[in-house]
Amino acid sequence: MKGISPAALRRLAALAVIVNGVFPLLWIFLTSLKTEAELTRIPITWLPQAPTIANYLRAFHDQPLALYLFNSLAVAVMSTALTLFIATLAAYALARLNIGYRDLALAAIIAVSTFPLVTLLVPLFQTMRTLGLLNSYGALVLPYTVLSLPVCTLVLVSFFQSIPQDLENAAMIDGCSRLGALFRIVVPLSAPGVFTAGLLAFVNSWDEFLLALSFNSATRWRTLPVGILLYQGEFSFPWPEISAALVVGIVPVAVLIVVFQQRVIAGLTAGGVKG
Amino acid sequence: MSKPSLRWRDAGDAALARVLLAPTFLLLLLIVVYPVCRLLWTSLLDLSLSSGMPARFVGVDNYVSLATDPEFWTALANTLLITLITVPATLLVGLALALIANLPFRIRWPVRLSLLLPWAMPLAFVGMIGGWFFQSDYGVVNDILRHFRSTRIIWFNSGWLAFIAICLTIIWKTSSFVALVLLAGLQTIPQELYEAASVDGAGPLRRFLFVTLPLLRPAIAVAVIFRMITSLQTFDIPLTMTRGGPGTSTVTLAMYIHQNTVDFLDLGYGAALAVVLFFISMAVTAFYLRQVRAEA
């Protein structure tokens, strides 16, 4: 270690973290810009020799990628909105109201956050099949809402607790009802918290795969992970198209993360976190 | 004892709380409690949708056939092995990432972003990217290994090599989550403790062992338990990387449940498999809740 200053060592460690986090995504992006001929050359090339967007055009043309993108967005937006509404109500009760079973309710919500989604597969499959909801947005929106409800509730509880009680009391003295105070004072003031909870719910929904694959396998209703997986044939792996499609699926969530990284970190910290 | 006026308000609070909490508990009843009851009941039925026969109560028959089904034991062993390998490995990698991210850099966002990006990626995408990384002819992993050994490794033709590739991919994906949890924990440790330890003559190693690690214990517990629970449900990465192959060497319990339920439509058997996974997860959760209560 002699000859290397601590500061240089620290920068090297930081570089290792950055390469570890970014390289796989960068690699799939580089792959998506290479021609099929270049991708099947040995030894492989690292930088695209003749960058092309042909793979993107084919990814959108050969498969309804735009539809998959829309389905993923639709399910994520609907379940996020529903989660936020339900979690806001619950979090307000848990943060502000004087109720005896508060700890029990919180424990129940935390227990649900560790609930294995796989075990819901069989009974929900039965229910969705009976109700004719297989291959519909509804099959995913309700389960995804439950998936994100615990973490969103915990995030919102911690944000609501940081709003001074006096502001609310003042509003109520001025004739505001308790619910009025919630939606006119508490929610606007904890807008960052609501937004953070929304981001977490959105990412959860965007990433879910098991239920999406099991319930919505018809082309019309596939979300991105399911749709892209099924680009593969039994023995063929069209990597150029798959890599382009993956980049399309990564960009929306990557943009959210880049723009709102501080919010996401705050949310993960406040929510006791969920993988 | 509260004054009458306050008690009146408490009564109002209780009614309002019931209204506000109703949607949450209704949803949990509908999407968690009722399905779990239905799961337990279905596991006692011979219910195969592909046969077209009506459901028939068969008691513990599904559990008996499960106990003698070699593929169940393979799937269970693979699931437990993935948990045993990836959870400790992820903890170590995640701790290293968190310690580096906690260093006093002037510009913090590049390192933080590098932890957030893998966390936010869909597992299924990561599995597909992993499949491309370990591809035997054109994969970047073999391209790097080419400099160290003369023959290329064909990752997905051998059960245990495929297993290693899957574990490495899982470790990459999940260590960022662990790092974020531990980073949050590290930032709650007061700086004065380190200063006090330095004054007492503790070097970096002793400060880490006697200040950082003990105070990080709650965060480590949360990270490990969440990772164990998600690891027991491992599905996305093996399915997208190997589809369980070669043979059944990388099939997990969740994949076997999915196959029996969705592909074979054998709901009774799928339910019995899910019940086994349910009780393993519940044991971990019970341990977690005890931990949370101990710290509260």
# chains A, B, ... in the order shown; residues from 1 in each chain; ligands from 1
>>> residues_around(residues="stretch 24-27 of chain A", least_positions_apart="4", cutoff="8 Å", atoms="only C-alpha atoms", output="list in words")
Asn20 and Thr31 of chain A; Ile129 of chain B
>>> select_by_dssp(residues="stretch 25-186 of chain B", states="strand (DSSP E or B)", output="list in words")
Leu45, Asp46, Ser48, Arg56 and Phe57 of chain B
>>> residues_around(residues="stretch 106-112 of chain A", least_positions_apart="3", cutoff="8 Å", atoms="only C-alpha atoms", output="list of chain:residue names")
A:Leu94, A:Arg102, A:Asp103, A:Phe115, A:Pro150, B:Thr285, B:Leu289
>>> select_by_dssp(residues="stretch 203-276 of chain B", states="alpha helix (DSSP H)", output="PyMOL selection string")
chain B and resi 204-207+213-232+236-241+253-258+267-276
>>> write_last_selection(atoms="N, CA and C atoms", output="short mmCIF file (atom, residue, chain, number, x, y, z; two decimals), in the first residue's frame")
data_model
loop_
_atom_site.label_atom_id
_atom_site.label_comp_id
_atom_site.auth_asym_id
_atom_site.auth_seq_id
_atom_site.Cartn_x
_atom_site.Cartn_y
_atom_site.Cartn_z
N PRO B 204 -8.35 1.82 13.10
CA PRO B 204 -9.50 1.63 12.22
C PRO B 204 -10.19 0.27 12.41
N LEU B 205 -9.39 -0.80 12.56
CA LEU B 205 -9.96 -2.13 12.68
C LEU B 205 -10.77 -2.26 13.97
N ARG B 206 -10.19 -1.76 15.07
CA ARG B 206 -10.89 -1.86 16.36
C ARG B 206 -12.13 -0.97 16.36
N ARG B 207 -12.04 0.20 15.72
CA ARG B 207 -13.22 1.07 15.64
C ARG B 207 -14.34 0.35 14.89
N LEU B 213 -19.71 -2.29 14.03
CA LEU B 213 -20.48 -3.54 13.94
C LEU B 213 -21.58 -3.66 14.99
N PRO B 214 -21.29 -3.37 16.29
CA PRO B 214 -22.37 -3.51 17.28
C PRO B 214 -23.53 -2.57 17.01
N LEU B 215 -23.23 -1.32 16.59
CA LEU B 215 -24.30 -0.36 16.37
C LEU B 215 -25.05 -0.64 15.07
N LEU B 216 -24.42 -1.40 14.19
CA LEU B 216 -25.05 -1.72 12.91
C LEU B 216 -25.92 -2.97 13.02
N ARG B 217 -25.85 -3.64 14.17
CA ARG B 217 -26.53 -4.91 14.33
C ARG B 217 -28.02 -4.88 13.93
N PRO B 218 -28.80 -3.85 14.37
CA PRO B 218 -30.22 -3.85 13.98
C PRO B 218 -30.40 -3.80 12.46
N ALA B 219 -29.62 -2.95 11.80
CA ALA B 219 -29.73 -2.84 10.34
C ALA B 219 -29.34 -4.14 9.67
N ILE B 220 -28.30 -4.80 10.20
CA ILE B 220 -27.89 -6.08 9.63
C ILE B 220 -29.00 -7.11 9.79
N ALA B 221 -29.65 -7.10 10.97
CA ALA B 221 -30.73 -8.06 11.20
C ALA B 221 -31.86 -7.85 10.20
N VAL B 222 -32.26 -6.58 9.99
CA VAL B 222 -33.33 -6.29 9.03
C VAL B 222 -32.93 -6.77 7.63
N ALA B 223 -31.71 -6.43 7.23
CA ALA B 223 -31.27 -6.80 5.88
C ALA B 223 -31.25 -8.31 5.71
N VAL B 224 -30.71 -9.02 6.68
CA VAL B 224 -30.58 -10.47 6.56
C VAL B 224 -31.96 -11.13 6.49
N ILE B 225 -32.87 -10.67 7.33
CA ILE B 225 -34.18 -11.32 7.35
C ILE B 225 -34.96 -11.06 6.07
N PHE B 226 -34.92 -9.80 5.59
CA PHE B 226 -35.60 -9.53 4.32
C PHE B 226 -34.98 -10.34 3.19
N ARG B 227 -33.67 -10.45 3.20
CA ARG B 227 -33.00 -11.22 2.16
C ARG B 227 -33.37 -12.70 2.26
N MET B 228 -33.45 -13.22 3.48
CA MET B 228 -33.82 -14.64 3.63
C MET B 228 -35.20 -14.89 3.08
N ILE B 229 -36.13 -13.99 3.41
CA ILE B 229 -37.51 -14.21 2.96
C ILE B 229 -37.59 -14.12 1.44
N THR B 230 -36.92 -13.11 0.83
CA THR B 230 -36.99 -13.01 -0.63
C THR B 230 -36.22 -14.15 -1.28
N SER B 231 -35.15 -14.61 -0.61
CA SER B 231 -34.36 -15.69 -1.18
C SER B 231 -35.14 -17.00 -1.21
N LEU B 232 -35.96 -17.24 -0.18
CA LEU B 232 -36.78 -18.45 -0.17
C LEU B 232 -37.78 -18.45 -1.32
N ASP B 236 -37.49 -15.29 -10.23
CA ASP B 236 -37.25 -14.52 -11.46
C ASP B 236 -35.91 -14.83 -12.10
N ILE B 237 -34.84 -14.81 -11.30
CA ILE B 237 -33.50 -14.92 -11.90
C ILE B 237 -33.25 -16.32 -12.47
N PRO B 238 -33.48 -17.43 -11.71
CA PRO B 238 -33.28 -18.74 -12.35
C PRO B 238 -34.21 -18.96 -13.53
N LEU B 239 -35.46 -18.49 -13.43
CA LEU B 239 -36.38 -18.74 -14.54
C LEU B 239 -35.90 -18.05 -15.82
N THR B 240 -35.45 -16.80 -15.69
CA THR B 240 -35.03 -16.08 -16.90
C THR B 240 -33.64 -16.51 -17.37
N MET B 241 -32.81 -17.02 -16.45
CA MET B 241 -31.45 -17.42 -16.87
C MET B 241 -31.41 -18.82 -17.43
N LEU B 253 -38.15 -23.88 -5.43
CA LEU B 253 -39.48 -24.23 -4.94
C LEU B 253 -40.54 -23.34 -5.59
N ALA B 254 -40.26 -22.05 -5.69
CA ALA B 254 -41.24 -21.13 -6.30
C ALA B 254 -41.47 -21.50 -7.77
N MET B 255 -40.40 -21.91 -8.47
CA MET B 255 -40.57 -22.29 -9.88
C MET B 255 -41.41 -23.56 -9.99
N TYR B 256 -41.21 -24.49 -9.05
CA TYR B 256 -41.96 -25.75 -9.08
C TYR B 256 -43.44 -25.50 -8.76
N ILE B 257 -43.69 -24.56 -7.83
CA ILE B 257 -45.07 -24.19 -7.52
C ILE B 257 -45.74 -23.59 -8.76
N HIS B 258 -45.02 -22.67 -9.40
CA HIS B 258 -45.54 -22.01 -10.60
C HIS B 258 -45.83 -23.03 -11.70
N LEU B 267 -53.80 -27.70 -9.16
CA LEU B 267 -53.87 -26.70 -8.09
C LEU B 267 -53.68 -27.33 -6.71
N GLY B 268 -54.21 -28.54 -6.51
CA GLY B 268 -54.07 -29.18 -5.21
C GLY B 268 -52.61 -29.39 -4.85
N TYR B 269 -51.86 -29.91 -5.79
CA TYR B 269 -50.45 -30.18 -5.54
C TYR B 269 -49.65 -28.88 -5.41
N GLY B 270 -49.95 -27.92 -6.31
CA GLY B 270 -49.29 -26.62 -6.22
C GLY B 270 -49.53 -25.98 -4.86
N ALA B 271 -50.77 -26.13 -4.35
CA ALA B 271 -51.10 -25.54 -3.05
C ALA B 271 -50.30 -26.20 -1.93
N ALA B 272 -50.18 -27.54 -1.98
CA ALA B 272 -49.43 -28.23 -0.93
C ALA B 272 -47.97 -27.76 -0.93
N LEU B 273 -47.39 -27.59 -2.13
CA LEU B 273 -46.01 -27.08 -2.22
C LEU B 273 -45.92 -25.68 -1.62
N ALA B 274 -46.93 -24.85 -1.93
CA ALA B 274 -46.92 -23.48 -1.44
C ALA B 274 -47.05 -23.42 0.07
N VAL B 275 -47.81 -24.38 0.63
CA VAL B 275 -47.98 -24.40 2.10
C VAL B 275 -46.62 -24.66 2.76
N VAL B 276 -45.83 -25.55 2.17
CA VAL B 276 -44.50 -25.82 2.74
C VAL B 276 -43.67 -24.55 2.75
#
>>> residues_around(residues="A:Asn204", least_positions_apart="4", cutoff="8 Å", atoms="only C-alpha atoms", output="PyMOL selection string")
chain A and resi 144+147-148+200+208
>>> atom_distance(atom1="atom CA of B:Ala179", atom2="atom CA of A:Val251")
22.7 Å
>>> atom_distance(atom1="atom CA of A:Leu84", atom2="atom CA of A:Ala197")
7.3 Å
>>> closest_residue(among="B:Ala17, B:Ile85, B:Ala294, B:Ile164", to="chain A", atoms="only C-alpha atoms")
B:Ala17
